[in-house]
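Accompanying notes for the structure given below.
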Amino acid sequence: MSEFDFIVVGAGSAGCVLANRLTACGQYSVLLLEAGGSDLNFWIWMPIGYGKTFYRRSVNWMYMTEPVPAMNNRPSYWPRGKVMGGSSSINAMVYIRGQAQDFEDWKAMGNPGWGWDDVLPYFRRSETNDRGADAYRGGEGPVHVSTMDRDLHPLCADFLKAGQDLQYPHNPDFNGASQEGVGTYQNTAKGGMRMSTARAYVRPARGRSNLRVETGAMVQGLTFDGPRVTGLRYRQNGRILQARARREVILSAGAVNSPQLLQVSGIGPGALLQGKGISPRHDLPGVGRNLQDHLGIDYLYRSKVPTLNQQLYPWYGKLWHGLRYVLTRRGPLSLGVNQAGGFVRSRPGLDRPNMQLFFSPVSYTKAPPGKRPLMNPDPFPGFLIGAQPTRPTSRGHLEIRSPDPDEPVAIHPNYLATDIDMQEMIEASRISRRLAEAPSMARLIETEILPGPDVQSDEDVIADVRARASTVFHPVSTCRMGPDPACDVVDARLKVHGVDGLRVADASIFPTVTSGNTNAPVIMVGEKAADLILADAR
């Protein structure tokens with residue numbers, strides 16, 4: 001049996017941060033376990049390879065939810081990273097921290113130390129922004145955040161003008177003093193290549209003698225001595241191995257796998273565990289509950305002017321831009337799929353933006369919902385405008401199907417379970433169409449492809465939402481942070497309530513989903529968790 005000071009489960013957006021920060025002082029040894037394999041893969045490192053890894057089982061858990069009643073009983077496909085870097089290796093790379101008020105809400109829910117002024121230093125510490133450091137942005141961190149403006153399609157400028165037609169302010173930095181307005185997105189990239197947390201945090205630390213990284217390591221369950229977690233069992237190359245943690249085990253396996261591992265280890269809702277043949281070690285009802293996710297809708301348009309479709313649909317376009325990328329790391333293949341967007345208020349009386357916008361100068365009418373395979377666009381000029389409500393009120397849950405850790409959990413997203421969530425999806429649809437009808441965009445549009453001009457009434461829009469809305473891949477809150485063991489899973493120091501030697505640090509601890517993409521706040525959680533763990537160790 002091998003022994004370490006700390007064992008980190010999951011080399012994803014938070015786990016890679018922990019592996020680096022916990023070993024930096026040289027005082028503690030860390031075992032980092034990843035169920036997937038190496039991230040040395042061309043389609044991972046090339047930004048637009050997102051479309052290739054979307055359905056690639058070698059790097060992706062490829063979860064499918066249970067049918068969603070409010071979405072015509074459609075299941076939802078959830079790609080999750082199963083590779084070094086986790087979902088930071090297969091995501092769309094948009095860097096968004098969220099709104100300051102998101103974290104003030106976290107603090108108000110009984111989590112001292114998680115307000116905006118508390119977490120901002122960790123955002124800054126993690127980042128090197130190519131525009132330079134300021135009061136909000138970091139300049140010396142491991143994660144490089146890049147401005148894409150030099151390679152953006154010219155239609156992005158028309159989208160920004162359309163926003164201004166609607167009186168939305170231009171915002172040059174969604175992660176600065178204010179999130180509100182329309183602008184262009186920054187990506188987690190450096191030198192035209194993806195900046196995953198594996199690249200940012202683990203690669204520089206791999207030479208440390210006190211860090212051991214094991215890939216292809218599927219954790220089977222935690223080991224205990226009374227109420228204390230002492231280590232875990234994992235399967236690697238067909239063998240069951242054990243590792244012991246002298247100090248702590250930290251679960252950073254994500255919003256699906258962390259609660260699953262707790263439940264198969266006997267930590268979770270007692271009745272559920274007993275029903276699956278597991279003797280509960282600790283009845284913790286909140287494990288797997290409080291699931292939140294962003295739901296979005298896209299409106300697709302046929303364009304009168306060329307879009308990226310004309311550059312990337314023909315074989316010679318693919319060849320030219322492929323060569324350009326290989327030789328220069330420039331051009332559309334060096335970008336993410338979402339080039340412009342914004343954060344706006346969908347109705348009067350709101351104190352902050354409640355809607356995130358996306359603009360992509362490309363269309364793909366035959367792609368499955370949620371997939372944006374930029375290398376295989378439509379043969380005609382087209383683009384899409386999308387929107388997602390940022391703070392949904394519906395809550396879902398997930399639960400194990402059996403004691404077998406290899407069997408995927410049953411995921412019940414419970415999308416659109418509240419009236420306000422459906423109302424905001426109507427508003428998201430209306431905003432997308434208003435942007436298309438603004439003079440700066442309307443002059444470029446030949447026709448609306450989806451949902452089509454016949455969809456006008458609220459009833460029509462609701463039917464379209466039920467038929468076409470899809471996840472934006474931001475599941476959180478299944479091991480929610482909070483002070484009440486009756487419904488929360490970890491406390492404000494990320495310690496699991498009622499269990500010694502065990503913490504959770506990943507998207508599952510979010511008290512609520514943040515207003516925007518979730519990768520940046522998960523990295524922040526990793527940074528703050530490392531400080532909490534080191535402080536307690538001292």
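Within each chain, counting starts at residue 1; across the structure tokens, chains are named A, B, ... in the order shown, with ligands numbered 1 upward in that order.
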**Asked** So which residues of range 293-347 of chain A fall under helix (DSSP H, G or I) by DSSP, listed as a list in words?
**Response** Leu308, Asn309, Gln310, Gln311, Leu312, Trp315, Tyr316, Gly317, Lys318, Leu319, Trp320, His321, Gly322, Leu323, Arg324, Tyr325, Val326, Leu327, Thr328, Pro332, Leu333 and Ser334 of chain A
**Asked** So which residues touch Val489 in chain A within 10 Å, counting only C-alpha atoms, skipping near sequence neighbours fewer than 4 positions away, as an NGL selection string?
**Response** :A and (259 or 267-268 or 284-289 or 477-485 or 494-498 or 503-504 or 508-509)
**Message:** Rounded to one decimal, what separation in Å do you get between CA of Pro69 in chain A and CA of His294 in chain A?
**Reply:** 16.6 Å
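One finds CA of Ser470 in chain A at 12.0 Å from CA of Asn72 in chain A.
Between Val182 in chain A and the candidates A:Arg330, A:Arg150, A:Arg345, A:Arg395, the tightest atom-to-atom separation, counting only C-alpha atoms, involves A:Arg345.
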Sorted by chain and rising residue number, which residues of range 313-420 of chain A lie within 12 Å of range 245-256 of chain A, and what are their closest atom pairs and distances in Å to one decimal, counting only C-alpha atoms, as a Markdown table?
| residue | atom | partner | partner_atom | distance |
| --- | --- | --- | --- | --- |
| A:His397 | CA | A:Val256 | CA | 9.9 |
| A:Leu398 | CA | A:Val256 | CA | 7.6 |
| A:Glu399 | CA | A:Val256 | CA | 9.2 |
| A:Ile400 | CA | A:Val256 | CA | 10.1 |
| A:Pro405 | CA | A:Val256 | CA | 11.9 |
| A:Pro408 | CA | A:Val256 | CA | 9.1 |
| A:Val409 | CA | A:Val256 | CA | 7.8 |
| A:Ala410 | CA | A:Val256 | CA | 9.7 |
| A:Ile411 | CA | A:Val256 | CA | 8.3 |
| A:His412 | CA | A:Val256 | CA | 11.3 |
| A:Pro413 | CA | A:Val256 | CA | 11.5 |
**Item:** Contacts of Leu450 in chain A within 12 Å, only C-alpha atoms, excl. fewer than 2 positions in-chain, as number ranges by chain
**Value:** A: 297-302, 363-366, 382-386, 429, 432-433, 447-448, 452-455, 461, 464-465, 467-469
May I have the residues within 10 Å of Ala11 in chain A as a compact mmCIF listing (two decimals) with C-alpha atoms, in the first residue's frame, using only C-alpha atoms and disregarding those fewer than 2 positions away in the same chain?
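The resulting file, part-v4.txt, is reproduced below:
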# COMPACT_ATOMS: atom_id res chain seq x y z
CA VAL A 8 -6.63 14.09 -4.88
CA VAL A 9 -9.28 12.24 -6.88
CA SER A 13 -10.17 21.94 -13.42
CA ALA A 14 -9.73 21.94 -9.62
CA GLY A 15 -7.72 18.75 -9.05
CA CYS A 16 -4.80 19.90 -11.19
CA VAL A 17 -4.68 23.16 -9.22
CA LEU A 18 -4.54 21.23 -5.94
CA ALA A 19 -1.79 18.92 -7.18
CA LEU A 32 -3.22 12.63 -8.06
CA LEU A 33 -5.55 10.00 -9.53
CA GLU A 34 -7.19 10.42 -12.95
CA ALA A 35 -9.58 7.88 -14.45
CA GLY A 36 -8.72 8.99 -17.98
CA GLY A 37 -5.43 9.19 -19.79
CA GLY A 81 -13.77 15.34 -19.39
CA LYS A 82 -12.22 11.93 -18.68
CA VAL A 83 -8.61 12.94 -19.32
CA MET A 84 -5.83 14.95 -17.70
CA GLY A 85 -7.30 18.43 -17.31
CA GLY A 86 -10.84 17.08 -17.04
CA SER A 87 -13.46 19.23 -18.70
CA SER A 88 -10.93 22.05 -19.12
CA THR A 197 -5.40 23.03 -16.08
CA ALA A 198 -3.24 20.01 -16.94
CA VAL A 202 0.40 19.83 -13.64
CA VAL A 213 0.29 11.26 -11.00
CA GLU A 214 -1.54 8.04 -11.91
CA THR A 215 -3.74 7.91 -15.01
CA LEU A 251 -12.56 14.67 -4.12
CA SER A 252 -12.21 16.79 -7.26
CA ALA A 253 -13.99 14.42 -9.61
CA GLY A 254 -16.69 16.88 -10.68
**Request:** Run DSSP on the backbone of this structure and report the residues of range 276-427 of chain A it assigns to strand (DSSP E or B), as a ChimeraX atom specification.
**Result:** /A:282-283,291-292,295-303,340-344,355-360,382-389,396-399,410-412
Output C-alpha atoms for every residue in that selection, as a JSON list (two decimals), in the first residue's frame.
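Written file, out.json:
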[["chain", "number", "residue", "atom", "x", "y", "z"],
["A", 282, "HIS", "CA", -22.91, 8.46, 7.25],
["A", 283, "ASP", "CA", -26.43, 9.63, 6.42],
["A", 291, "LEU", "CA", -28.29, 19.86, -9.04],
["A", 292, "GLN", "CA", -28.25, 23.02, -11.17],
["A", 295, "LEU", "CA", -30.11, 25.61, -20.34],
["A", 296, "GLY", "CA", -29.82, 27.50, -23.62],
["A", 297, "ILE", "CA", -31.52, 28.00, -26.98],
["A", 298, "ASP", "CA", -29.99, 28.87, -30.38],
["A", 299, "TYR", "CA", -31.58, 30.76, -33.26],
["A", 300, "LEU", "CA", -30.03, 29.94, -36.66],
["A", 301, "TYR", "CA", -29.99, 32.27, -39.67],
["A", 302, "ARG", "CA", -29.11, 32.03, -43.34],
["A", 303, "SER", "CA", -26.86, 34.94, -44.21],
["A", 340, "ALA", "CA", -18.90, 37.20, -29.23],
["A", 341, "GLY", "CA", -21.74, 37.54, -26.77],
["A", 342, "GLY", "CA", -22.71, 39.41, -23.66],
["A", 343, "PHE", "CA", -24.68, 39.67, -20.44],
["A", 344, "VAL", "CA", -27.95, 41.62, -20.43],
["A", 355, "MET", "CA", -29.09, 36.44, -19.53],
["A", 356, "GLN", "CA", -25.89, 35.35, -21.29],
["A", 357, "LEU", "CA", -25.65, 35.80, -25.08],
["A", 358, "PHE", "CA", -23.59, 33.88, -27.64],
["A", 359, "PHE", "CA", -22.78, 34.73, -31.25],
["A", 360, "SER", "CA", -21.08, 32.29, -33.62],
["A", 382, "GLY", "CA", -25.17, 31.04, -41.86],
["A", 383, "PHE", "CA", -24.69, 32.02, -38.23],
["A", 384, "LEU", "CA", -26.34, 31.56, -34.86],
["A", 385, "ILE", "CA", -27.39, 33.75, -31.96],
["A", 386, "GLY", "CA", -27.99, 32.01, -28.64],
["A", 387, "ALA", "CA", -29.00, 32.88, -25.10],
["A", 388, "GLN", "CA", -29.13, 31.20, -21.70],
["A", 389, "PRO", "CA", -30.68, 32.37, -18.43],
["A", 396, "GLY", "CA", -32.46, 18.31, -10.01],
["A", 397, "HIS", "CA", -30.60, 15.39, -8.48],
["A", 398, "LEU", "CA", -28.46, 12.40, -9.33],
["A", 399, "GLU", "CA", -28.12, 9.04, -7.65],
["A", 410, "ALA", "CA", -29.00, 8.27, -12.94],
["A", 411, "ILE", "CA", -29.06, 12.02, -13.66],
["A", 412, "HIS", "CA", -32.36, 13.89, -13.28]]
**Asked** Expressed in Å to a single decimal, how great is the separation between CA of Trp61 in chain A and CA of Tyr95 in chain A?
**Response** 22.5 Å
**Message:** My list of candidates is A:Gln164, A:Thr188, A:Ser346, A:Thr65. Which is closest to Tyr415 in chain A when distances are computed with only C-alpha atoms?
**Reply:** A:Thr65
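The smallest atom-to-atom distance between Ile445 in chain A and any of A:Ile240, A:Leu502, A:Ala417, A:Leu155, using only C-alpha atoms, is found for A:Leu155.
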**Item:** Which of A:Gly207, A:Pro353, A:Gly12, A:Gly183 sits closest to Ala507 in chain A [using only C-alpha atoms]
**Value:**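 Nearest to Ala507 in chain A: A:Gly12.
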**Asked** Counting only C-alpha atoms, what is within 10 Å of Lys318 in chain A, bar same-chain residues fewer than 5 positions away, as an MDAnalysis selection string?
**Response** chainID A and resid 311:313 323:324 333 375:376
**Nearest residue to Asp151 in chain A from the set A:Arg199, A:His474, A:Arg235, A:Arg329 (distances using only C-alpha atoms)** =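 Of the candidates, the smallest distance to Asp151 in chain A is held by A:Arg329.
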**Item:** Contacts of Val119 in chain A at 8 Å (only C-alpha atoms; same-chain gap of 5+ positions) as a ChimeraX atom specification
**Value:** /A:103,113-114,524,528
Write the residues you've just listed into a file as a short mmCIF file (atom, residue, chain, number, x, y, z; two decimals), in the first residue's frame, and include C-alpha atoms for each of them.
data_model
loop_
_atom_site.label_atom_id
_atom_site.label_comp_id
_atom_site.auth_asym_id
_atom_site.auth_seq_id
_atom_site.Cartn_x
_atom_site.Cartn_y
_atom_site.Cartn_z
CA PHE A 103 -20.29 35.16 -4.60
CA GLY A 113 -14.85 33.57 3.24
CA TRP A 114 -16.60 33.07 -0.12
CA MET A 524 -10.78 29.51 -8.28
CA LYS A 528 -8.85 28.62 -2.45
#
**Best match for closeness to Met193 in chain A among A:Leu335, A:Leu232, A:Leu272, A:Val94, counting only C-alpha atoms** =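 Using only C-alpha atoms, Met193 in chain A sits closest to A:Leu335.
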